[in-house]
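Report on one structure; see the data block that follows.
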Amino acid sequence: MNIQQLEYLVAVDRFKNFTKAADYCNVTQATLSAMVKKLEEELDCVLFDRKSNPILTTDIGQTIIDECKIVLAHCRQIKEKAKKYTGGAIGGKIKLGVIPTIASSLLPRIIKSLLETYPKLLIEIVETPTNNIIKQLKDGTIDVGIIATPSTDENIEEKILYYEALMVYGEVDKTMKYLIPEEIKNHKIWLLEEGHCLREQFVQLCALKKKDLKPNNLTFDANSFETLLGMVDEFGGLTLIPELYYQSLPKEKQDKVSFFHAPIPVREVSMVYYRPFAKERIISALADFITGNVGGDLMSKRYGNAELVIARV
């Protein structure tokens with residue numbers, strides 16, 4: 001039994017296909033199949049049901065593969081600790097999941113500089129909702145995520161990146177420079193679709209109740225800020241946007257944004273990871289980079305902690 005065989009087992013379990021697993025591991029199918037078969041003989045058990053399509057992992061196979069993932073995670077940690085001790089450059093591969101309401105404004109701001117800062121680091125990014133990120137972290141299919149926190153999952157580790165203010169977009173009484181959550185209830189409200197954490201933050205922040213807030217013959221929840229703003233511009237009403245997105249808007253749209261009285265509602269944005277699979281050295285470097293390139297420009301830096309309130313997910 002060796003580390004390479006364990007990697008092959010995990011790959012076959014992930015892709016449910018020997019050819020795809022071999023491509024992923026950069027070996028021939030014959031080599032991978034032979035190594036898996038040799039390990040099955042050594043363990044004296046069948047790990048995969050090859051007669052089914054896609055391939056099925058047997059019960060004992062799943063138990064062994066769960067242990068393999070832990071062993072492989074420890075191997076990665078050993079390598080990371082060795083690199084940290086020797087002061088080697090940040091490099092390798094990391095797969096990052098980012099929720100859409102953060103990705104749209106954060107990624108264009110940091111990616112180019114990030115790649116230039118860490119040229120030896122291969123970054124694979126997927127844009128996906130929070131629940132998918134949590135699941136994929138536990139499965140080991142991504143290494144780290146960026147989501148709105150605090151998370152309700154106690155098994156997920158959080159590294160806070162920054163706090164961004166939440167703002168209201170739409171036509172309001174400009175004689176009232178700042179809003180309070182209670183003032184929003186009587187307006188037409190446009191929300192992101194179910195599954196977006198910002199939707200729940202808006203509902204809880206302003207104590208919104210389910211009611212008909214749109215035209216009588218329209219049922220609609222948006223999947224992007226661009227769509228939300230377009231609907232507000234066309235039909236009136238209000239929606240909630242985060243500060244980084246506000247900074248990317250042209251001036252004519254920024255003029256339609258209103259701010260909250262203190263305590264200022266903010267969104268806590270964190271890097272999250274599942275410790276058994278953590279690439280801690282890379283994660284710490286990425287977190288420091290993002291905080292250093294984003295955090296200093298945000299409104300939250302102008303206020304004390306007592307003047308901020310974290311919008312709950």
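Each chain in the structure tokens gets a letter, A, B, ..., in the order shown, and its residues are numbered from 1; ligands are numbered from 1 in order too.
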Exercise for the section: With a distance cut-off of 9 Å and only C-alpha atoms, select the neighbouring residues of Ser104 of chain A, excluding the residue or stretch itself and same-chain residues fewer than 5 positions from it, and output the selection as an MDAnalysis selection string. Expected result: chainID A and resid 99 224:225 245
Looking only at the backbone, which of the residues in segment 241-294 of chain A does DSSP tag as alpha helix (DSSP H), as a PDB file with N, CA and C atoms, in the first residue's frame?
```
ATOM      1  N   GLU A 243     -21.196  46.749  -0.120  1.00  0.00           N
ATOM      2  CA  GLU A 243     -20.348  47.906  -0.392  1.00  0.00           C
ATOM      3  C   GLU A 243     -19.415  47.716  -1.580  1.00  0.00           C
ATOM      4  N   LEU A 244     -18.808  46.548  -1.730  1.00  0.00           N
ATOM      5  CA  LEU A 244     -17.889  46.362  -2.851  1.00  0.00           C
ATOM      6  C   LEU A 244     -18.620  46.472  -4.180  1.00  0.00           C
ATOM      7  N   TYR A 245     -19.854  45.996  -4.226  1.00  0.00           N
ATOM      8  CA  TYR A 245     -20.625  46.137  -5.458  1.00  0.00           C
ATOM      9  C   TYR A 245     -20.957  47.606  -5.700  1.00  0.00           C
ATOM     10  N   TYR A 246     -21.307  48.320  -4.649  1.00  0.00           N
ATOM     11  CA  TYR A 246     -21.572  49.754  -4.756  1.00  0.00           C
ATOM     12  C   TYR A 246     -20.368  50.485  -5.362  1.00  0.00           C
ATOM     13  N   GLN A 247     -19.162  50.123  -4.934  1.00  0.00           N
ATOM     14  CA  GLN A 247     -17.954  50.792  -5.429  1.00  0.00           C
ATOM     15  C   GLN A 247     -17.746  50.577  -6.930  1.00  0.00           C
ATOM     16  N   SER A 248     -18.314  49.501  -7.472  1.00  0.00           N
ATOM     17  CA  SER A 248     -18.142  49.207  -8.897  1.00  0.00           C
ATOM     18  C   SER A 248     -19.187  49.884  -9.776  1.00  0.00           C
ATOM     19  N   LYS A 251     -21.440  56.466 -11.468  1.00  0.00           N
ATOM     20  CA  LYS A 251     -21.891  57.506 -10.552  1.00  0.00           C
ATOM     21  C   LYS A 251     -23.410  57.689 -10.574  1.00  0.00           C
ATOM     22  N   GLU A 252     -24.032  57.561 -11.745  1.00  0.00           N
ATOM     23  CA  GLU A 252     -25.477  57.784 -11.805  1.00  0.00           C
ATOM     24  C   GLU A 252     -26.249  56.749 -10.984  1.00  0.00           C
ATOM     25  N   LYS A 253     -25.700  55.557 -10.863  1.00  0.00           N
ATOM     26  CA  LYS A 253     -26.337  54.540 -10.026  1.00  0.00           C
ATOM     27  C   LYS A 253     -25.929  54.700  -8.563  1.00  0.00           C
ATOM     28  N   GLN A 254     -24.698  55.128  -8.313  1.00  0.00           N
ATOM     29  CA  GLN A 254     -24.288  55.385  -6.930  1.00  0.00           C
ATOM     30  C   GLN A 254     -25.158  56.474  -6.300  1.00  0.00           C
ATOM     31  N   GLU A 280      -3.235  24.980   4.923  1.00  0.00           N
ATOM     32  CA  GLU A 280      -3.222  26.143   5.805  1.00  0.00           C
ATOM     33  C   GLU A 280      -2.278  27.248   5.337  1.00  0.00           C
ATOM     34  N   ARG A 281      -1.130  26.897   4.815  1.00  0.00           N
ATOM     35  CA  ARG A 281      -0.163  27.925   4.411  1.00  0.00           C
ATOM     36  C   ARG A 281      -0.700  28.762   3.247  1.00  0.00           C
ATOM     37  N   ILE A 282      -1.278  28.095   2.257  1.00  0.00           N
ATOM     38  CA  ILE A 282      -1.839  28.819   1.116  1.00  0.00           C
ATOM     39  C   ILE A 282      -3.045  29.635   1.554  1.00  0.00           C
ATOM     40  N   ILE A 283      -3.901  29.034   2.387  1.00  0.00           N
ATOM     41  CA  ILE A 283      -5.097  29.734   2.849  1.00  0.00           C
ATOM     42  C   ILE A 283      -4.732  31.003   3.601  1.00  0.00           C
ATOM     43  N   SER A 284      -3.737  30.928   4.485  1.00  0.00           N
ATOM     44  CA  SER A 284      -3.319  32.109   5.241  1.00  0.00           C
ATOM     45  C   SER A 284      -2.776  33.187   4.316  1.00  0.00           C
ATOM     46  N   ALA A 285      -2.006  32.775   3.309  1.00  0.00           N
ATOM     47  CA  ALA A 285      -1.454  33.751   2.361  1.00  0.00           C
ATOM     48  C   ALA A 285      -2.569  34.430   1.569  1.00  0.00           C
ATOM     49  N   LEU A 286      -3.550  33.655   1.096  1.00  0.00           N
ATOM     50  CA  LEU A 286      -4.660  34.226   0.338  1.00  0.00           C
ATOM     51  C   LEU A 286      -5.497  35.162   1.209  1.00  0.00           C
ATOM     52  N   ALA A 287      -5.746  34.741   2.447  1.00  0.00           N
ATOM     53  CA  ALA A 287      -6.549  35.571   3.348  1.00  0.00           C
ATOM     54  C   ALA A 287      -5.852  36.901   3.614  1.00  0.00           C
ATOM     55  N   ASP A 288      -4.564  36.864   3.892  1.00  0.00           N
ATOM     56  CA  ASP A 288      -3.811  38.104   4.145  1.00  0.00           C
ATOM     57  C   ASP A 288      -3.806  39.003   2.910  1.00  0.00           C
ATOM     58  N   PHE A 289      -3.698  38.383   1.736  1.00  0.00           N
ATOM     59  CA  PHE A 289      -3.683  39.162   0.490  1.00  0.00           C
ATOM     60  C   PHE A 289      -5.013  39.880   0.289  1.00  0.00           C
ATOM     61  N   ILE A 290      -6.120  39.150   0.460  1.00  0.00           N
ATOM     62  CA  ILE A 290      -7.440  39.748   0.243  1.00  0.00           C
ATOM     63  C   ILE A 290      -7.708  40.853   1.253  1.00  0.00           C
ATOM     64  N   THR A 291      -7.430  40.584   2.514  1.00  0.00           N
ATOM     65  CA  THR A 291      -7.654  41.608   3.546  1.00  0.00           C
ATOM     66  C   THR A 291      -6.813  42.843   3.275  1.00  0.00           C
ATOM     67  N   GLY A 292      -5.567  42.643   2.883  1.00  0.00           N
ATOM     68  CA  GLY A 292      -4.682  43.776   2.616  1.00  0.00           C
ATOM     69  C   GLY A 292      -5.092  44.595   1.414  1.00  0.00           C
ATOM     70  N   ASN A 293      -5.718  43.954   0.421  1.00  0.00           N
ATOM     71  CA  ASN A 293      -6.084  44.662  -0.811  1.00  0.00           C
ATOM     72  C   ASN A 293      -7.510  45.197  -0.808  1.00  0.00           C
ATOM     73  N   VAL A 294      -8.329  44.756   0.147  1.00  0.00           N
ATOM     74  CA  VAL A 294      -9.734  45.168   0.163  1.00  0.00           C
ATOM     75  C   VAL A 294     -10.112  45.896   1.448  1.00  0.00           C
TER      76      VAL A 294
END
```
Exercise for the section: Enter the distance from atom CA of Tyr274 of chain A to atom CA of Ile146 of chain A, in Å, rounded to one decimal. Expected result: 12.4 Å
Handout entry: Spatial neighbours of segment 166-170 of chain A, 6 Å, only C-alpha atoms, chain gap at least 2 places, as a ChimeraX atom specification
Key = /A:237-243,256-259,265-266
Written file, previous selection with N, CA and C atoms, as a PDB file, in the first residue's frame:
```pdb
ATOM      1  N   GLY A 237     -39.156  50.965  -6.039  1.00  0.00           N
ATOM      2  CA  GLY A 237     -38.888  50.089  -4.910  1.00  0.00           C
ATOM      3  C   GLY A 237     -37.429  50.128  -4.502  1.00  0.00           C
ATOM      4  N   LEU A 238     -37.049  49.171  -3.654  1.00  0.00           N
ATOM      5  CA  LEU A 238     -35.711  49.158  -3.078  1.00  0.00           C
ATOM      6  C   LEU A 238     -35.118  47.753  -3.137  1.00  0.00           C
ATOM      7  N   THR A 239     -33.798  47.694  -3.070  1.00  0.00           N
ATOM      8  CA  THR A 239     -33.103  46.434  -2.869  1.00  0.00           C
ATOM      9  C   THR A 239     -31.842  46.692  -2.066  1.00  0.00           C
ATOM     10  N   LEU A 240     -31.223  45.632  -1.614  1.00  0.00           N
ATOM     11  CA  LEU A 240     -30.029  45.729  -0.768  1.00  0.00           C
ATOM     12  C   LEU A 240     -28.799  45.314  -1.556  1.00  0.00           C
ATOM     13  N   ILE A 241     -27.723  46.105  -1.454  1.00  0.00           N
ATOM     14  CA  ILE A 241     -26.471  45.756  -2.119  1.00  0.00           C
ATOM     15  C   ILE A 241     -25.314  45.898  -1.136  1.00  0.00           C
ATOM     16  N   PRO A 242     -24.224  45.135  -1.337  1.00  0.00           N
ATOM     17  CA  PRO A 242     -23.050  45.252  -0.474  1.00  0.00           C
ATOM     18  C   PRO A 242     -22.095  46.334  -0.986  1.00  0.00           C
ATOM     19  N   GLU A 243     -21.196  46.749  -0.120  1.00  0.00           N
ATOM     20  CA  GLU A 243     -20.348  47.906  -0.392  1.00  0.00           C
ATOM     21  C   GLU A 243     -19.415  47.716  -1.580  1.00  0.00           C
ATOM     22  N   LYS A 256     -28.205  56.750  -6.481  1.00  0.00           N
ATOM     23  CA  LYS A 256     -29.469  56.167  -6.034  1.00  0.00           C
ATOM     24  C   LYS A 256     -29.305  55.320  -4.769  1.00  0.00           C
ATOM     25  N   VAL A 257     -28.110  55.344  -4.195  1.00  0.00           N
ATOM     26  CA  VAL A 257     -27.820  54.523  -3.019  1.00  0.00           C
ATOM     27  C   VAL A 257     -27.945  55.360  -1.748  1.00  0.00           C
ATOM     28  N   SER A 258     -28.592  54.779  -0.746  1.00  0.00           N
ATOM     29  CA  SER A 258     -28.735  55.419   0.561  1.00  0.00           C
ATOM     30  C   SER A 258     -28.084  54.541   1.618  1.00  0.00           C
ATOM     31  N   PHE A 259     -27.680  55.162   2.720  1.00  0.00           N
ATOM     32  CA  PHE A 259     -26.938  54.480   3.760  1.00  0.00           C
ATOM     33  C   PHE A 259     -27.762  54.384   5.036  1.00  0.00           C
ATOM     34  N   PRO A 265     -25.315  48.240   9.465  1.00  0.00           N
ATOM     35  CA  PRO A 265     -25.324  46.799   9.175  1.00  0.00           C
ATOM     36  C   PRO A 265     -24.201  46.446   8.194  1.00  0.00           C
ATOM     37  N   VAL A 266     -23.457  45.431   8.527  1.00  0.00           N
ATOM     38  CA  VAL A 266     -22.350  44.999   7.671  1.00  0.00           C
ATOM     39  C   VAL A 266     -22.459  43.514   7.386  1.00  0.00           C
TER      40      VAL A 266
END
```
Problem - Exercise: Ile102 of chain A partners within 12 Å, only C-alpha atoms, chain neighbours under 2 positions left out, as a ChimeraX atom specification - result: /A:97-100,104-109,127-130,145-149,161-164,196-198,224-225,241-246,267-271
Export, as a compact mmCIF listing (two decimals), in the first residue's frame, the selected residues with N, CA and C atoms.
```txt
# COMPACT_ATOMS: atom_id res chain seq x y z
N GLY A 97 -13.99 28.02 -3.84
CA GLY A 97 -15.40 28.27 -4.12
C GLY A 97 -15.83 29.61 -3.57
N VAL A 98 -16.55 30.40 -4.35
CA VAL A 98 -16.98 31.73 -3.92
C VAL A 98 -18.46 31.89 -4.21
N ILE A 99 -19.22 32.44 -3.26
CA ILE A 99 -20.64 32.64 -3.51
C ILE A 99 -20.82 33.79 -4.51
N PRO A 100 -21.87 33.71 -5.35
CA PRO A 100 -22.03 34.69 -6.44
C PRO A 100 -22.08 36.15 -5.99
N SER A 104 -18.85 38.46 -7.78
CA SER A 104 -19.03 39.46 -8.83
C SER A 104 -18.26 40.75 -8.58
N SER A 105 -18.06 41.10 -7.32
CA SER A 105 -17.35 42.36 -7.03
C SER A 105 -15.94 42.14 -6.48
N LEU A 106 -15.71 41.02 -5.81
CA LEU A 106 -14.39 40.78 -5.22
C LEU A 106 -13.38 40.28 -6.25
N LEU A 107 -13.76 39.28 -7.04
CA LEU A 107 -12.79 38.64 -7.93
C LEU A 107 -12.17 39.59 -8.95
N PRO A 108 -12.96 40.43 -9.67
CA PRO A 108 -12.32 41.34 -10.62
C PRO A 108 -11.33 42.30 -9.95
N ARG A 109 -11.53 42.53 -8.68
CA ARG A 109 -10.69 43.48 -7.95
C ARG A 109 -9.34 42.89 -7.55
N GLU A 127 -17.87 29.36 -8.89
CA GLU A 127 -18.87 30.25 -8.30
C GLU A 127 -20.10 29.42 -7.98
N THR A 128 -20.44 29.34 -6.70
CA THR A 128 -21.50 28.42 -6.29
C THR A 128 -22.08 28.87 -4.95
N PRO A 129 -23.33 28.50 -4.62
CA PRO A 129 -23.96 28.94 -3.38
C PRO A 129 -23.28 28.38 -2.13
N THR A 130 -23.62 28.96 -0.98
CA THR A 130 -22.99 28.60 0.28
C THR A 130 -23.15 27.12 0.61
N GLY A 145 -13.34 28.14 0.74
CA GLY A 145 -14.46 28.90 0.21
C GLY A 145 -14.45 30.32 0.74
N ILE A 146 -15.16 31.19 0.05
CA ILE A 146 -15.39 32.55 0.54
C ILE A 146 -16.89 32.75 0.59
N ILE A 147 -17.41 32.97 1.81
CA ILE A 147 -18.85 33.08 2.02
C ILE A 147 -19.14 34.19 3.03
N ALA A 148 -20.43 34.51 3.18
CA ALA A 148 -20.86 35.39 4.25
C ALA A 148 -20.99 34.56 5.52
N THR A 149 -20.45 35.06 6.60
CA THR A 149 -20.47 34.35 7.88
C THR A 149 -21.12 35.24 8.94
N LEU A 161 -12.17 37.95 6.58
CA LEU A 161 -11.43 38.75 5.61
C LEU A 161 -11.72 40.24 5.77
N TYR A 162 -13.02 40.59 5.82
CA TYR A 162 -13.39 42.00 5.92
C TYR A 162 -14.87 42.11 6.25
N TYR A 163 -15.28 43.32 6.63
CA TYR A 163 -16.68 43.65 6.85
C TYR A 163 -17.06 44.72 5.85
N GLU A 164 -18.10 44.47 5.06
CA GLU A 164 -18.54 45.48 4.10
C GLU A 164 -19.95 45.95 4.45
N HIS A 196 -29.70 32.54 -1.75
CA HIS A 196 -28.69 33.59 -1.59
C HIS A 196 -28.72 34.10 -0.15
N CYS A 197 -27.57 34.10 0.50
CA CYS A 197 -27.53 34.51 1.91
C CYS A 197 -27.92 35.98 2.06
N LEU A 198 -27.65 36.82 1.05
CA LEU A 198 -27.98 38.24 1.17
C LEU A 198 -29.48 38.44 1.23
N SER A 224 -29.01 38.00 -9.73
CA SER A 224 -27.82 38.87 -9.79
C SER A 224 -28.20 40.29 -9.39
N PHE A 225 -27.21 41.04 -8.95
CA PHE A 225 -27.43 42.44 -8.59
C PHE A 225 -27.83 43.25 -9.81
N ILE A 241 -27.72 46.10 -1.45
CA ILE A 241 -26.47 45.76 -2.12
C ILE A 241 -25.31 45.90 -1.14
N PRO A 242 -24.22 45.14 -1.34
CA PRO A 242 -23.05 45.25 -0.47
C PRO A 242 -22.09 46.33 -0.99
N GLU A 243 -21.20 46.75 -0.12
CA GLU A 243 -20.35 47.91 -0.39
C GLU A 243 -19.42 47.72 -1.58
N LEU A 244 -18.81 46.55 -1.73
CA LEU A 244 -17.89 46.36 -2.85
C LEU A 244 -18.62 46.47 -4.18
N TYR A 245 -19.85 46.00 -4.23
CA TYR A 245 -20.63 46.14 -5.46
C TYR A 245 -20.96 47.61 -5.70
N TYR A 246 -21.31 48.32 -4.65
CA TYR A 246 -21.57 49.75 -4.76
C TYR A 246 -20.37 50.49 -5.36
N ARG A 267 -21.86 43.11 6.29
CA ARG A 267 -21.77 41.70 5.95
C ARG A 267 -20.36 41.23 6.29
N GLU A 268 -20.28 40.17 7.10
CA GLU A 268 -18.99 39.57 7.45
C GLU A 268 -18.61 38.59 6.36
N VAL A 269 -17.48 38.82 5.72
CA VAL A 269 -17.01 37.95 4.64
C VAL A 269 -15.78 37.20 5.13
N SER A 270 -15.82 35.88 5.02
CA SER A 270 -14.74 35.05 5.56
C SER A 270 -14.28 34.00 4.57
N MET A 271 -13.04 33.58 4.76
CA MET A 271 -12.52 32.41 4.08
C MET A 271 -12.81 31.22 4.98
```
Practice task
List the neighbours of segment 64-74 of chain A out to 9 Å using only C-alpha atoms; skip same-chain residues closer than 4 positions along the sequence, and give me the result as number ranges by chain.
Solution key: A: 3, 6-7, 9-10, 13, 47, 59-60, 78-79, 140, 276-279
Please save C-alpha atoms of the selected residues as a tab-separated table (two decimals), in the first residue's frame.
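Result file follows (result37.tsv):
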```tsv
chain	number	residue	atom	x	y	z
A	3	ILE	CA	0.11	7.07	-1.10
A	6	LEU	CA	-4.80	5.91	-1.99
A	7	GLU	CA	-5.01	8.84	-4.43
A	9	LEU	CA	-8.97	5.09	-4.84
A	10	VAL	CA	-10.22	8.57	-3.99
A	13	ASP	CA	-14.74	7.13	-5.94
A	47	LEU	CA	-13.80	-1.70	-3.08
A	59	ASP	CA	-19.79	-0.20	1.73
A	60	ILE	CA	-16.35	-1.37	2.86
A	78	ILE	CA	3.32	17.44	6.17
A	79	LYS	CA	4.35	18.95	2.83
A	140	GLY	CA	-12.63	17.50	-0.34
A	276	PRO	CA	-8.94	17.80	7.81
A	277	PHE	CA	-8.42	18.95	4.23
A	278	ALA	CA	-6.91	22.37	4.90
A	279	LYS	CA	-3.96	23.78	2.96
```
Practice task
Pick out the closest residue to Leu56 of chain A from this set: A:Arg14, A:Gly91, A:Ala30, A:Lys37. Count only C-alpha atoms.
Solution key: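 Result for the nearest residue to Leu56 of chain A: A:Arg14.
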Problem - Lys38 of chain A environment, 12 Å, only C-alpha atoms, sequence neighbours closer than 5 positions dropped, as a count of residues only - result: 14
Practice task
Using only C-alpha atoms, find the one residue out of A:Ala21, A:Leu308, A:Ala89, A:Val272 that sits nearest to Lys159 of chain A.
Solution key: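 Result for the nearest residue to Lys159 of chain A: A:Val272.
Residues in contact with Ala11 of chain A at 9 Å, where only C-alpha atoms are counted and same-chain residues fewer than 6 positions away are skipped, are listed as A:Asn17, A:Phe18, A:Lys20, A:Ala21, A:Ala22, A:Tyr24, A:Cys25.
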Those same residues - N, CA and C atoms - I'd like them written as a PDB file, in the first residue's frame.
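For reference, part-v6.pdb as written:
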```
ATOM      1  N   ASN A  17     -15.651   6.404 -12.426  1.00  0.00           N
ATOM      2  CA  ASN A  17     -15.263   5.984 -13.770  1.00  0.00           C
ATOM      3  C   ASN A  17     -13.733   5.858 -13.796  1.00  0.00           C
ATOM      4  N   PHE A  18     -13.205   4.686 -14.221  1.00  0.00           N
ATOM      5  CA  PHE A  18     -11.764   4.466 -14.204  1.00  0.00           C
ATOM      6  C   PHE A  18     -11.038   5.347 -15.221  1.00  0.00           C
ATOM      7  N   LYS A  20     -11.928   8.399 -16.392  1.00  0.00           N
ATOM      8  CA  LYS A  20     -11.871   9.777 -15.901  1.00  0.00           C
ATOM      9  C   LYS A  20     -10.920   9.905 -14.716  1.00  0.00           C
ATOM     10  N   ALA A  21     -10.911   8.904 -13.839  1.00  0.00           N
ATOM     11  CA  ALA A  21     -10.004   8.932 -12.690  1.00  0.00           C
ATOM     12  C   ALA A  21      -8.551   8.889 -13.151  1.00  0.00           C
ATOM     13  N   ALA A  22      -8.277   8.073 -14.176  1.00  0.00           N
ATOM     14  CA  ALA A  22      -6.914   7.982 -14.704  1.00  0.00           C
ATOM     15  C   ALA A  22      -6.475   9.297 -15.328  1.00  0.00           C
ATOM     16  N   TYR A  24      -7.545  12.233 -14.532  1.00  0.00           N
ATOM     17  CA  TYR A  24      -7.341  13.180 -13.422  1.00  0.00           C
ATOM     18  C   TYR A  24      -5.998  12.942 -12.744  1.00  0.00           C
ATOM     19  N   CYS A  25      -5.612  11.668 -12.602  1.00  0.00           N
ATOM     20  CA  CYS A  25      -4.349  11.334 -11.924  1.00  0.00           C
ATOM     21  C   CYS A  25      -3.156  11.343 -12.881  1.00  0.00           C
TER      22      CYS A  25
END
```
Practice task
Check the smallest atom-to-atom distance from each of A:Asp297, A:Glu124, A:Glu307, A:Glu116 to Pro263 of chain A using only C-alpha atoms, then report the winner.
Solution key: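 Nearest candidate to Pro263 of chain A out of A:Asp297, A:Glu124, A:Glu307, A:Glu116: A:Glu307.
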Handout entry: Pairwise distance for atom CA of Glu154 of chain A and atom CA of Ile123 of chain A, rounded to one decimal in Å
Key =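 Value for the atom CA of Glu154 of chain A-atom CA of Ile123 of chain A distance: 26.5 Å.
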Fill in the blank from the handout: For Glu40 of chain A, the closest of A:Ser151, A:Tyr118, A:Gly92, A:Gly61 counting only C-alpha atoms is A:Gly61
Practice task
One decimal, Å: what's the distance from atom CA of Phe15 of chain A over to atom CA of Thr141 of chain A, could you say?
Solution key: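 Between atom CA of Phe15 of chain A and atom CA of Thr141 of chain A the gap is 11.0 Å.
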Exercise for the section: Name the residues of segment 95-177 of chain A that come out as strand (DSSP E or B) in a backbone DSSP run; write them as a PyMOL selection string. Expected result: chain A and resi 95-98+121-127+144-149+157-170
Could you please take those selected residues and save C-alpha atoms as a PDB file, in the first residue's frame?
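Written out: result-v8.pdb:
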```pdb
ATOM      1  CA  LYS A  95      -9.512  25.092  -5.589  1.00  0.00           C
ATOM      2  CA  LEU A  96     -11.616  27.978  -4.331  1.00  0.00           C
ATOM      3  CA  GLY A  97     -15.401  28.265  -4.122  1.00  0.00           C
ATOM      4  CA  VAL A  98     -16.975  31.732  -3.924  1.00  0.00           C
ATOM      5  CA  LEU A 121       0.153  29.072  -7.410  1.00  0.00           C
ATOM      6  CA  LEU A 122      -2.478  27.457  -9.650  1.00  0.00           C
ATOM      7  CA  ILE A 123      -5.919  28.718  -8.602  1.00  0.00           C
ATOM      8  CA  GLU A 124      -9.137  27.047  -9.743  1.00  0.00           C
ATOM      9  CA  ILE A 125     -12.275  29.050  -8.919  1.00  0.00           C
ATOM     10  CA  VAL A 126     -15.904  27.948  -8.942  1.00  0.00           C
ATOM     11  CA  GLU A 127     -18.867  30.252  -8.302  1.00  0.00           C
ATOM     12  CA  VAL A 144     -11.407  26.669   0.602  1.00  0.00           C
ATOM     13  CA  GLY A 145     -14.457  28.899   0.206  1.00  0.00           C
ATOM     14  CA  ILE A 146     -15.389  32.547   0.540  1.00  0.00           C
ATOM     15  CA  ILE A 147     -18.849  33.079   2.018  1.00  0.00           C
ATOM     16  CA  ALA A 148     -20.864  35.392   4.254  1.00  0.00           C
ATOM     17  CA  THR A 149     -20.467  34.351   7.878  1.00  0.00           C
ATOM     18  CA  GLU A 157     -13.239  26.898  10.244  1.00  0.00           C
ATOM     19  CA  GLU A 158     -13.558  30.629   9.519  1.00  0.00           C
ATOM     20  CA  LYS A 159     -10.919  33.267   8.831  1.00  0.00           C
ATOM     21  CA  ILE A 160     -12.541  36.725   8.639  1.00  0.00           C
ATOM     22  CA  LEU A 161     -11.431  38.752   5.612  1.00  0.00           C
ATOM     23  CA  TYR A 162     -13.391  41.997   5.924  1.00  0.00           C
ATOM     24  CA  TYR A 163     -16.680  43.648   6.851  1.00  0.00           C
ATOM     25  CA  GLU A 164     -18.544  45.477   4.096  1.00  0.00           C
ATOM     26  CA  ALA A 165     -21.430  47.839   4.717  1.00  0.00           C
ATOM     27  CA  LEU A 166     -24.889  47.017   3.391  1.00  0.00           C
ATOM     28  CA  MET A 167     -26.663  49.768   1.474  1.00  0.00           C
ATOM     29  CA  VAL A 168     -30.069  50.439  -0.043  1.00  0.00           C
ATOM     30  CA  TYR A 169     -30.506  51.024  -3.779  1.00  0.00           C
ATOM     31  CA  GLY A 170     -33.600  52.822  -5.052  1.00  0.00           C
TER      32      GLY A 170
END
```
